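Colleague: Supplied in structure tokens, the structure appears directly below.
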Amino acid sequence: MSTSKPTSDPPKMGNGIKFLFGGTSGMAATVFVQPLDLVKNRMQLSGVGGGTRQYKTSFHALASILKNEGVFGIYTGLSAGLLRQATYTTTRLGIYTSLFDIFSKDGKPPNFVMKALIGVTAGGIGAFVGTPAEVALIRMTADGRLPVNERRGYKNVFNALGRIVNEEGVLTLWRGCIPTVGRAMVVNAAQLASYSQAKQILLSTGYFSDGLFLHFVASMISGLITTAASMPVDIAKTRIQNMKSVAGKPEYSGALDVLAKTIKQEGFFSLWKGFTPYYARLGPHTVLTFIFLEQMNKAYKHYVLHDDSTGGGL
């Protein structure tokens with residue numbers, strides 16, 4: 001009588017590798033899209049306090065930055081952007097992929113609701129960890145719009161973090177933490193869940209196979225949904241983290257105060273101010289992040305785990 005060997009589960013990727021690949025993919029994508037992040041932040045801060053809008057359109061903003069600050073000016077805040085990815089994206093994608101595997105049953109991915117809940121959890125934790133780098137990023141990218149005598153003049157992200165602690169206290173590093181976490185929850189519920197769902201739907205049509213083109217189309221769909229859902233929270237976060245105290249009193253008391261004043265002074269649709277650079281940044285950043293992540297996952301599974309049975313894993 002012949003006995004068959006029990007089938008063993010395929011080897012799995014360690015959590016440490018998932019966190020490493022998550023952060024690396026986000027940092028690689030940021031190198032390409034940092035100028036768009038700069039334009040988005042400048043657009044969101046244009047007209048703060050009911051003043052004259054500095055930029056008419058995203059293209060006007062980009063042209064003004066290039067004219068006044070030079071080619072390298074569009075990469076202002078890159079060090080903060082990279083640190084943000086190293087903290088925020090490492091945490092959120094590491095937690096997301098880990099929980100995704102835990103809640104996958106018999107090779108089947110979690111349903112859409114579970115994906116959204118996993119995304120909310122991963123995004124909230126990641127945002128809390130990444131808030132100090134976010135504060136530095138907002139301030140560094142906003143500096144060039146101010147008169148020279150009002151600029152903070154941070155040399156790099158570590159200089160920014162050190163000066164913030166020395167001049168304003170360590171808790172300032174988590175200024176705007178609540179809207180930052182709120183935005184991240186919205187972004188991740190929309191981005192991660194819609195990306196996974198879009199991939200599944202596109203694959204089910206029979207017109208797509210698991211590869212770069214599928215990842216690109218799913219990422220662009222995900223980026224559009226995420227942009228529309230998260231912009232009002234993002235503008236509140238940006239303005240709180242960049243605000244200064246006037247006569248010892250902060251400009252805004254909280255996220256709701258930002259939204260109320262913005263609608264009153266600039267109109268309802270100003271909550272989506274900077275939509276073009278936001279999507280132009282988020283779309284490609286989503287595309288590049290997931291493509292880099294999927295390819296690193298595939299390479300690791302193929303060359304290290306010798307497992308070709310699955311795709312990238314999202």
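A note on labels: chains of the structure tokens are A, B, ... as shown, every chain counts residues from 1, and ligands are counted from 1 in their shown order.
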Give me the residues near Thr90 of chain A as a PyMOL selection string, where near means some atom within 7 Å (using only C-alpha atoms) and where sequence neighbours in that chain fewer than 4 positions away do not count.
Modeller: chain A and resi 19-20+22-23+85-86+94
Colleague: Could you go through segment 204-308 of chain A and tell me which residues DSSP, when run on the backbone, assigns to alpha helix (DSSP H), listing them as a VMD selection string?
Modeller: chain A and resid 204 212 to 242 255 to 266 275 to 303
Colleague: Set out as a Markdown table a contact list for segment 163-242 of chain A and segment 138-148 of chain A with a cut-off of 9 Å, giving each residue of segment 163-242 of chain A that qualifies its closest atom pair and distance in Å to one decimal, counting only C-alpha atoms, ordered by chain and rising residue number.
Modeller:
| residue | atom | partner | partner_atom | distance |
| --- | --- | --- | --- | --- |
| A:Thr238 | CA | A:Ile138 | CA | 6.5 |
| A:Arg239 | CA | A:Ile138 | CA | 8.7 |
| A:Gln241 | CA | A:Ile138 | CA | 6.7 |
| A:Asn242 | CA | A:Arg139 | CA | 5.6 |
Colleague: Using C-alpha atoms, can you write the selected residues to a file as a compact mmCIF listing (two decimals), in the first residue's frame?
Modeller:
# COMPACT_ATOMS: atom_id res chain seq x y z
CA THR A 238 -1.99 70.52 5.87
CA ARG A 239 -3.20 73.83 7.28
CA GLN A 241 0.52 71.41 10.56
CA ASN A 242 1.72 74.59 8.84
Colleague: If we count only C-alpha atoms, what is near Thr97 of chain A at a cut-off of 12 Å, once residues fewer than 3 positions away on the same chain are taken out, given as a PyMOL selection string?
Modeller: chain A and resi 12-22+89-94+100-104+109-110+115+118-119+121-123+192-193+196+290+293-294+297+312-314
Colleague: In terms of the shortest atom-to-atom distance over only C-alpha atoms, which of A:Ser253, A:Thr262, A:Thr172, A:Asn111 is closest to Gln197 of chain A?
Modeller: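 Going through A:Ser253, A:Thr262, A:Thr172, A:Asn111 one by one, the smallest distance to Gln197 of chain A is for A:Asn111.
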Colleague: Quick one: everything within 10 Å of Asp37 of chain A, counting only C-alpha atoms, minus sequence neighbours fewer than 3 positions away in the same chain. Send it as an MDAnalysis selection string.
Modeller: chainID A and resid 30 33:34 40:43 74:78 81 137:138 141 274 277:282
Colleague: From the list A:Phe268, A:Phe128, A:Phe32, A:Phe59, which residue is nearest Thr289 of chain A when using only C-alpha atoms?
Modeller: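 Closest to Thr289 of chain A, using only C-alpha atoms: A:Phe32.
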